[in-house]
$ cat upload_0.tsv   # TSV, C-alpha atoms and all ligand atoms
chain	number	residue	atom	x	y	z
Q	2	MET	CA	0.00	0.00	0.00
Q	3	ALA	CA	2.76	2.40	0.99
Q	4	ASP	CA	4.55	1.50	-2.22
Q	5	SER	CA	1.50	2.24	-4.39
Q	6	GLN	CA	1.00	5.58	-2.60
Q	7	ASN	CA	4.58	6.52	-3.40
Q	8	ARG	CA	4.09	5.56	-7.02
Q	9	THR	CA	0.93	7.67	-7.22
Q	10	GLY	CA	2.75	10.59	-5.63
Q	11	SER	CA	5.66	10.36	-8.04
Q	12	ASP	CA	3.28	10.62	-11.02
Q	13	GLU	CA	2.01	14.01	-9.85
Q	14	LEU	CA	3.60	17.16	-11.09
Q	15	ILE	CA	2.92	20.13	-8.83
Q	16	PHE	CA	3.82	23.63	-9.86
Q	17	PHE	CA	2.46	27.17	-9.76
Q	18	VAL	CA	1.50	29.58	-12.52
Q	19	ASN	CA	0.99	33.22	-11.56
Q	20	GLY	CA	0.30	32.11	-7.99
Q	21	ARG	CA	-2.20	29.37	-8.92
Q	22	LYS	CA	-1.35	25.84	-7.83
Q	23	ILE	CA	-1.51	23.27	-10.62
Q	24	VAL	CA	-1.46	19.51	-10.16
Q	25	GLU	CA	-0.94	17.40	-13.28
Q	26	LYS	CA	-1.23	13.63	-13.03
Q	27	ASN	CA	0.87	11.71	-15.54
Q	28	PRO	CA	2.01	14.74	-17.57
Q	29	ASP	CA	3.23	14.08	-21.11
Q	30	PRO	CA	7.07	14.21	-21.08
Q	31	GLU	CA	7.02	15.79	-24.54
Q	32	THR	CA	4.91	18.77	-23.52
Q	33	THR	CA	6.77	22.03	-23.22
Q	34	LEU	CA	5.88	24.77	-20.78
Q	35	LEU	CA	5.01	27.03	-23.72
Q	36	MET	CA	2.44	24.60	-25.14
Q	37	TYR	CA	0.96	24.05	-21.71
Q	38	LEU	CA	0.61	27.78	-21.02
Q	39	ARG	CA	-0.93	28.58	-24.38
Q	40	ARG	CA	-3.11	25.54	-25.02
Q	41	LYS	CA	-4.06	24.27	-21.59
Q	42	LEU	CA	-4.16	27.46	-19.55
Q	43	GLY	CA	-5.03	29.90	-22.35
Q	44	LEU	CA	-2.17	32.22	-21.37
Q	45	THR	CA	-1.37	33.41	-24.88
Q	46	GLY	CA	0.64	36.45	-23.79
Q	47	THR	CA	3.69	34.17	-23.93
Q	48	LYS	CA	4.42	34.00	-27.66
Q	49	LEU	CA	5.54	31.19	-29.94
Q	50	GLY	CA	8.18	32.41	-32.37
Q	51	CYS	CA	10.99	30.10	-33.35
Q	52	ALA	CA	10.27	27.20	-30.94
Q	53	GLU	CA	13.98	26.52	-30.69
Q	54	GLY	CA	15.34	28.97	-28.15
Q	55	GLY	CA	16.47	31.64	-30.60
Q	56	CYS	CA	14.02	34.55	-30.39
Q	57	GLY	CA	13.03	34.99	-26.74
Q	58	ALA	CA	9.34	35.64	-27.54
Q	59	CYS	CA	8.40	32.85	-25.12
Q	60	THR	CA	10.39	34.17	-22.12
Q	61	VAL	CA	8.84	33.58	-18.70
Q	62	MET	CA	10.28	33.74	-15.19
Q	63	LEU	CA	10.82	30.57	-13.17
Q	64	SER	CA	11.35	30.80	-9.42
Q	65	ARG	CA	12.62	28.23	-7.00
Q	66	TYR	CA	12.22	28.82	-3.30
Q	67	GLN	CA	14.99	27.11	-1.37
Q	68	ALA	CA	17.08	28.93	1.23
Q	69	GLU	CA	16.94	32.04	-0.97
Q	70	PRO	CA	14.45	32.59	-3.79
Q	71	GLN	CA	16.09	32.21	-7.17
Q	72	HIS	CA	14.59	33.71	-10.33
Q	73	TYR	CA	15.47	32.80	-13.91
Q	74	ALA	CA	14.31	34.13	-17.26
Q	75	VAL	CA	13.87	31.03	-19.43
Q	76	ASN	CA	12.61	30.12	-22.87
Q	77	ALA	CA	9.31	28.33	-22.27
Q	78	CYS	CA	9.60	26.65	-25.68
Q	79	LEU	CA	12.60	24.69	-24.42
Q	80	ALA	CA	11.43	23.95	-20.88
Q	81	PRO	CA	9.86	20.49	-20.50
Q	82	LEU	CA	6.77	20.67	-18.32
Q	83	CYS	CA	8.05	17.72	-16.31
Q	84	SER	CA	11.10	19.72	-15.19
Q	85	LEU	CA	8.93	22.17	-13.24
Q	86	HIS	CA	8.09	20.23	-10.09
Q	87	LEU	CA	7.63	22.74	-7.23
Q	88	VAL	CA	8.65	25.64	-9.48
Q	89	ALA	CA	6.73	28.93	-9.65
Q	90	VAL	CA	6.11	30.21	-13.18
Q	91	THR	CA	5.39	33.89	-13.80
Q	92	THR	CA	4.07	34.95	-17.19
Q	93	VAL	CA	3.44	38.41	-18.57
Q	94	GLU	CA	-0.21	38.12	-17.49
Q	95	GLY	CA	0.95	37.57	-13.91
Q	96	ILE	CA	2.74	40.86	-13.44
Q	97	GLY	CA	0.10	43.33	-14.65
Q	98	SER	CA	-2.36	44.26	-17.36
Q	99	VAL	CA	-4.25	47.21	-18.78
Q	100	ALA	CA	-7.42	45.94	-17.08
Q	101	ARG	CA	-5.76	45.75	-13.65
Q	102	LYS	CA	-2.66	47.91	-13.54
Q	103	LEU	CA	0.44	47.80	-15.67
Q	104	HIS	CA	3.67	46.84	-13.99
Q	105	PRO	CA	6.32	49.58	-14.40
Q	106	VAL	CA	8.25	47.22	-16.71
Q	107	GLN	CA	5.22	47.10	-19.01
Q	108	GLU	CA	4.40	50.77	-18.67
Q	109	ARG	CA	7.88	52.08	-19.42
Q	110	ILE	CA	8.38	50.03	-22.60
Q	111	ALA	CA	5.01	51.34	-23.83
Q	112	ARG	CA	5.78	54.95	-22.97
Q	113	SER	CA	9.16	54.82	-24.67
Q	114	HIS	CA	7.58	53.41	-27.87
Q	115	GLY	CA	9.58	50.23	-27.38
Q	116	SER	CA	6.67	48.11	-28.60
Q	117	GLN	CA	5.62	48.32	-32.23
Q	118	CYS	CA	4.14	45.08	-33.61
Q	119	GLY	CA	4.36	43.86	-30.01
Q	120	PHE	CA	5.27	40.26	-30.73
Q	121	CYS	CA	8.58	40.39	-28.89
Q	122	THR	CA	7.28	42.62	-26.10
Q	123	PRO	CA	6.06	40.02	-23.57
Q	124	GLY	CA	9.41	38.24	-23.75
Q	125	ILE	CA	11.35	41.46	-23.33
Q	126	VAL	CA	9.13	42.51	-20.45
Q	127	MET	CA	9.73	39.18	-18.70
Q	128	SER	CA	13.51	39.32	-19.22
Q	129	MET	CA	13.54	42.78	-17.62
Q	130	TYR	CA	11.20	41.71	-14.84
Q	131	ALA	CA	13.43	38.73	-13.97
Q	132	LEU	CA	16.49	40.96	-14.00
Q	133	LEU	CA	14.86	43.38	-11.55
Q	134	ARG	CA	13.73	40.57	-9.26
Q	135	ASN	CA	17.35	39.49	-8.96
Q	136	ASN	CA	18.92	42.94	-9.08
Q	137	PRO	CA	16.66	45.95	-8.34
Q	138	THR	CA	19.38	48.45	-9.28
Q	139	PRO	CA	21.01	47.16	-12.47
Q	140	ASN	CA	23.40	49.16	-14.61
Q	141	MET	CA	23.08	49.48	-18.38
Q	142	ALA	CA	25.45	46.58	-19.01
Q	143	ASP	CA	23.17	44.35	-16.90
Q	144	VAL	CA	20.15	45.44	-18.94
Q	145	GLU	CA	21.87	44.82	-22.26
Q	146	GLU	CA	23.02	41.40	-21.08
Q	147	ALA	CA	19.50	40.51	-19.93
Q	148	PHE	CA	18.21	41.05	-23.51
Q	149	GLN	CA	20.84	38.97	-25.24
Q	150	GLY	CA	18.26	36.27	-25.91
Q	151	ASN	CA	15.44	38.57	-27.06
Q	152	LEU	CA	15.10	39.54	-30.72
Q	153	CYS	CA	13.06	42.50	-31.96
Q	154	ARG	CA	12.55	43.06	-35.69
Q	155	CYS	CA	10.75	46.40	-35.42
Q	156	THR	CA	12.29	48.84	-32.99
Q	157	GLY	CA	16.03	48.63	-33.50
Q	158	TYR	CA	16.21	48.24	-29.67
Q	159	ARG	CA	16.95	51.91	-28.99
Q	160	PRO	CA	13.49	52.82	-27.60
Q	161	ILE	CA	13.47	49.62	-25.54
Q	162	LEU	CA	16.81	50.48	-23.98
Q	163	GLU	CA	15.75	54.11	-23.50
Q	164	GLY	CA	12.68	52.96	-21.60
Q	165	TYR	CA	14.57	50.53	-19.43
Q	166	LYS	CA	17.44	52.90	-18.81
Q	167	THR	CA	15.00	54.43	-16.32
Q	168	PHE	CA	15.56	51.44	-14.02
Q	169	THR	CA	19.35	51.71	-14.02
Q	170	VAL	CA	21.85	53.35	-11.77
Q	171	VAL	CA	24.89	55.27	-12.95
Q	172	ARG	CA	27.94	55.87	-10.80
Q	173	THR	CA	29.83	59.16	-11.01
Q	174	ASP	CA	32.41	60.51	-8.56
Q	175	GLY	CA	31.41	58.05	-5.89
Q	176	PHE	CA	27.72	59.01	-5.95
Q	177	VAL	CA	24.97	56.78	-7.15
Q	178	PHE	CA	22.17	58.45	-9.04
Q	179	LEU	CA	19.04	56.57	-9.77
Q	180	VAL	CA	18.29	57.58	-13.32
Q	181	SER	CA	14.75	56.41	-12.89
Q	182	VAL	CA	14.09	59.17	-10.35
Q	183	THR	CA	14.80	61.80	-12.98
Q	184	LEU	CA	12.91	60.12	-15.77
Q	185	THR	CA	10.00	59.16	-13.56
Q	186	CYS	CA	9.68	62.83	-12.58
Q	187	LEU	CA	9.66	63.77	-16.24
Q	188	TYR	CA	6.96	61.19	-16.95
Q	189	GLN	CA	4.91	62.46	-14.03
Q	190	ARG	CA	5.19	66.06	-15.23
Q	191	ARG	CA	4.08	64.98	-18.67
Q	192	ASP	CA	1.18	62.99	-17.19
Q	193	HIS	CA	0.17	66.03	-15.21
Q	194	LYS	CA	0.13	68.16	-18.34
Q	195	LEU	CA	-1.89	65.54	-20.20
Q	196	SER	CA	-4.54	65.11	-17.52
Q	197	PRO	CA	-7.78	67.07	-18.09
Q	201	LIG	S1	9.74	30.67	-29.28
Q	201	LIG	FE1	11.68	31.53	-29.88
Q	201	LIG	S2	12.91	31.22	-28.10
Q	201	LIG	FE2	11.04	30.23	-27.64
Q	202	LIG	S1	8.06	45.24	-31.61
Q	202	LIG	FE1	7.86	43.97	-33.37
Q	202	LIG	S2	9.34	42.42	-33.05
Q	202	LIG	FE2	9.69	43.80	-31.43

$ encode --input "upload_0.tsv" --output "structure tokens" --more "lines below"
Ligand code: FES
Ligand code: FES
Amino acid sequence: MADSQNRTGSDELIFFVNGRKIVEKNPDPETTLLMYLRRKLGLTGTKLGCAEGGCGACTVMLSRYQAEPQHYAVNACLAPLCSLHLVAVTTVEGIGSVARKLHPVQERIARSHGSQCGFCTPGIVMSMYALLRNNPTPNMADVEEAFQGNLCRCTGYRPILEGYKTFTVVRTDGFVFLVSVTLTCLYQRRDHKLSP
């Protein structure tokens, strides 16, 4: 009896998507996280581009909670569902939306015109979100490195980097200036002017 209980337990995959607990009995070993998110959960914000780890459109954040929480930006098209036991998955729907409230990572890429056709945007947003979860005060080199796996055919990257520069710190003469403070103030002044 104890043996059969163990066998039953080992066939269960338990993981979390945007805070929701999911239990899958006998999951298909060939199913990727991307297919599961899009087809089973209807979370189509995570895009299917190349399906081979080259474009970053499918980027999500995986978190493991051991002694310290660890966060990783990963390509969902390459992640087997069966590798996610006790892992927390965060998709672009999980961090904010127009209907609820945009996360600053979503808002700043929109305001800087860093999203044109928008196909790459969820992946870029999730790469930046994962970077900030691990390092709340990145420098520009950290930001550029975080996007190494994300391709954008429309923007030429400049507006994306301009938008996300607002999260970075620059160091001059021993002082640390949070660039975002300046740019956030500028955004707020513009918002103020735009409000009726
Ligand atoms: S769909 Fe292109 S990296 Fe996953
Ligand atoms: S906005 Fe079109 S691919 Fe990036």

$ closest_atom_pairs --input "upload_0.tsv" --of "chain Q" --to "ligand LIG 202 (chain Q)" --cutoff "12 Å" --atoms "only C-alpha atoms and all ligand atoms" --output "Markdown table"
| residue | atom | partner | partner_atom | distance |
| --- | --- | --- | --- | --- |
| Q:Lys48 | CA | Q:LIG202 | S2 | 11.1 |
| Q:Gly50 | CA | Q:LIG202 | S2 | 10.1 |
| Q:Cys56 | CA | Q:LIG202 | S2 | 9.5 |
| Q:Gly57 | CA | Q:LIG202 | S2 | 10.4 |
| Q:Ala58 | CA | Q:LIG202 | S2 | 8.7 |
| Q:Ile110 | CA | Q:LIG202 | S1 | 10.2 |
| Q:Ala111 | CA | Q:LIG202 | S1 | 10.3 |
| Q:Ser113 | CA | Q:LIG202 | S1 | 11.9 |
| Q:His114 | CA | Q:LIG202 | S1 | 9.0 |
| Q:Gly115 | CA | Q:LIG202 | S1 | 6.7 |
| Q:Ser116 | CA | Q:LIG202 | S1 | 4.4 |
| Q:Gln117 | CA | Q:LIG202 | S1 | 4.0 |
| Q:Cys118 | CA | Q:LIG202 | FE1 | 3.9 |
| Q:Gly119 | CA | Q:LIG202 | S1 | 4.3 |
| Q:Phe120 | CA | Q:LIG202 | S2 | 5.2 |
| Q:Cys121 | CA | Q:LIG202 | FE2 | 4.4 |
| Q:Thr122 | CA | Q:LIG202 | FE2 | 6.0 |
| Q:Pro123 | CA | Q:LIG202 | FE2 | 9.4 |
| Q:Gly124 | CA | Q:LIG202 | FE2 | 9.5 |
| Q:Ile125 | CA | Q:LIG202 | FE2 | 8.6 |
| Q:Val126 | CA | Q:LIG202 | FE2 | 11.1 |
| Q:Phe148 | CA | Q:LIG202 | FE2 | 12.0 |
| Q:Asn151 | CA | Q:LIG202 | FE2 | 8.9 |
| Q:Leu152 | CA | Q:LIG202 | S2 | 6.8 |
| Q:Cys153 | CA | Q:LIG202 | FE2 | 3.7 |
| Q:Arg154 | CA | Q:LIG202 | S2 | 4.2 |
| Q:Cys155 | CA | Q:LIG202 | FE1 | 4.3 |
| Q:Thr156 | CA | Q:LIG202 | S1 | 5.7 |
| Q:Gly157 | CA | Q:LIG202 | FE2 | 8.2 |
| Q:Tyr158 | CA | Q:LIG202 | FE2 | 8.1 |
| Q:Arg159 | CA | Q:LIG202 | FE2 | 11.2 |
| Q:Pro160 | CA | Q:LIG202 | S1 | 10.1 |
| Q:Ile161 | CA | Q:LIG202 | FE2 | 9.1 |

$ write_last_selection --input "upload_0.tsv" --atoms "C-alpha atoms" --output "PDB file, in the frame of the given file"
ATOM      1  CA  LYS Q  48       4.420  34.000 -27.660  1.00  0.00           C
ATOM      2  CA  GLY Q  50       8.180  32.410 -32.370  1.00  0.00           C
ATOM      3  CA  CYS Q  56      14.020  34.550 -30.390  1.00  0.00           C
ATOM      4  CA  GLY Q  57      13.030  34.990 -26.740  1.00  0.00           C
ATOM      5  CA  ALA Q  58       9.340  35.640 -27.540  1.00  0.00           C
ATOM      6  CA  ILE Q 110       8.380  50.030 -22.600  1.00  0.00           C
ATOM      7  CA  ALA Q 111       5.010  51.340 -23.830  1.00  0.00           C
ATOM      8  CA  SER Q 113       9.160  54.820 -24.670  1.00  0.00           C
ATOM      9  CA  HIS Q 114       7.580  53.410 -27.870  1.00  0.00           C
ATOM     10  CA  GLY Q 115       9.580  50.230 -27.380  1.00  0.00           C
ATOM     11  CA  SER Q 116       6.670  48.110 -28.600  1.00  0.00           C
ATOM     12  CA  GLN Q 117       5.620  48.320 -32.230  1.00  0.00           C
ATOM     13  CA  CYS Q 118       4.140  45.080 -33.610  1.00  0.00           C
ATOM     14  CA  GLY Q 119       4.360  43.860 -30.010  1.00  0.00           C
ATOM     15  CA  PHE Q 120       5.270  40.260 -30.730  1.00  0.00           C
ATOM     16  CA  CYS Q 121       8.580  40.390 -28.890  1.00  0.00           C
ATOM     17  CA  THR Q 122       7.280  42.620 -26.100  1.00  0.00           C
ATOM     18  CA  PRO Q 123       6.060  40.020 -23.570  1.00  0.00           C
ATOM     19  CA  GLY Q 124       9.410  38.240 -23.750  1.00  0.00           C
ATOM     20  CA  ILE Q 125      11.350  41.460 -23.330  1.00  0.00           C
ATOM     21  CA  VAL Q 126       9.130  42.510 -20.450  1.00  0.00           C
ATOM     22  CA  PHE Q 148      18.210  41.050 -23.510  1.00  0.00           C
ATOM     23  CA  ASN Q 151      15.440  38.570 -27.060  1.00  0.00           C
ATOM     24  CA  LEU Q 152      15.100  39.540 -30.720  1.00  0.00           C
ATOM     25  CA  CYS Q 153      13.060  42.500 -31.960  1.00  0.00           C
ATOM     26  CA  ARG Q 154      12.550  43.060 -35.690  1.00  0.00           C
ATOM     27  CA  CYS Q 155      10.750  46.400 -35.420  1.00  0.00           C
ATOM     28  CA  THR Q 156      12.290  48.840 -32.990  1.00  0.00           C
ATOM     29  CA  GLY Q 157      16.030  48.630 -33.500  1.00  0.00           C
ATOM     30  CA  TYR Q 158      16.210  48.240 -29.670  1.00  0.00           C
ATOM     31  CA  ARG Q 159      16.950  51.910 -28.990  1.00  0.00           C
ATOM     32  CA  PRO Q 160      13.490  52.820 -27.600  1.00  0.00           C
ATOM     33  CA  ILE Q 161      13.470  49.620 -25.540  1.00  0.00           C
TER      34      ILE Q 161
END

$ closest_atom_pairs --input "upload_0.tsv" --of "chain Q" --to "ligand LIG 201 (chain Q)" --cutoff "6 Å" --atoms "all atoms listed in the file" --output "JSON lines"
{"residue": "Q:Leu49", "atom": "CA", "partner": "Q:LIG201", "partner_atom": "S1", "distance": 4.3}
{"residue": "Q:Gly50", "atom": "CA", "partner": "Q:LIG201", "partner_atom": "S1", "distance": 3.9}
{"residue": "Q:Cys51", "atom": "CA", "partner": "Q:LIG201", "partner_atom": "FE1", "distance": 3.8}
{"residue": "Q:Ala52", "atom": "CA", "partner": "Q:LIG201", "partner_atom": "S1", "distance": 3.9}
{"residue": "Q:Glu53", "atom": "CA", "partner": "Q:LIG201", "partner_atom": "S2", "distance": 5.5}
{"residue": "Q:Gly54", "atom": "CA", "partner": "Q:LIG201", "partner_atom": "S2", "distance": 3.3}
{"residue": "Q:Gly55", "atom": "CA", "partner": "Q:LIG201", "partner_atom": "S2", "distance": 4.4}
{"residue": "Q:Cys56", "atom": "CA", "partner": "Q:LIG201", "partner_atom": "FE1", "distance": 3.9}
{"residue": "Q:Gly57", "atom": "CA", "partner": "Q:LIG201", "partner_atom": "S2", "distance": 4.0}
{"residue": "Q:Ala58", "atom": "CA", "partner": "Q:LIG201", "partner_atom": "FE1", "distance": 5.3}
{"residue": "Q:Cys59", "atom": "CA", "partner": "Q:LIG201", "partner_atom": "FE2", "distance": 4.5}
{"residue": "Q:Asn76", "atom": "CA", "partner": "Q:LIG201", "partner_atom": "FE2", "distance": 5.0}
{"residue": "Q:Ala77", "atom": "CA", "partner": "Q:LIG201", "partner_atom": "FE2", "distance": 6.0}
{"residue": "Q:Cys78", "atom": "CA", "partner": "Q:LIG201", "partner_atom": "FE2", "distance": 4.3}

$ closest_residue --input "upload_0.tsv" --among "Q:Thr45, Q:Pro28, Q:Met36, Q:Glu108" --to "Leu79 of chain Q" --atoms "only C-alpha atoms"
Q:Met36

$ closest_residue --input "upload_0.tsv" --among "Q:Cys83, Q:Ile96, Q:Leu44, Q:Leu38" --to "Met129 of chain Q" --atoms "all atoms listed in the file"
Q:Ile96

$ residues_near_point --input "upload_0.tsv" --point "(4.9, 34.6, -13.2)" --cutoff "6 Å" --atoms "all atoms listed in the file" --output "NGL selection string"
:Q and (19 or 62 or 90-92 or 95)

$ closest_residue --input "upload_0.tsv" --among "Q:Gly164, Q:Ala80, Q:Phe17, Q:Lys22" --to "Gln107 of chain Q" --atoms "all atoms listed in the file"
Q:Gly164

$ residues_around --input "upload_0.tsv" --residues "Pro139 of chain Q" --least-positions-apart "2" --cutoff "6 Å" --atoms "all atoms listed in the file" --output "list in words"
Asn136, Asp143 and Thr169 of chain Q

$ atom_distance --input "upload_0.tsv" --atom1 "atom CA of Val61 of chain Q" --atom2 "atom CA of Pro105 of chain Q"
16.8 Å

$ atom_distance --input "upload_0.tsv" --atom1 "atom CA of Arg134 of chain Q" --atom2 "atom CA of Lys41 of chain Q"
27.1 Å

$ atom_distance --input "upload_0.tsv" --atom1 "atom CA of Arg112 of chain Q" --atom2 "atom CA of Ser98 of chain Q"
14.6 Å
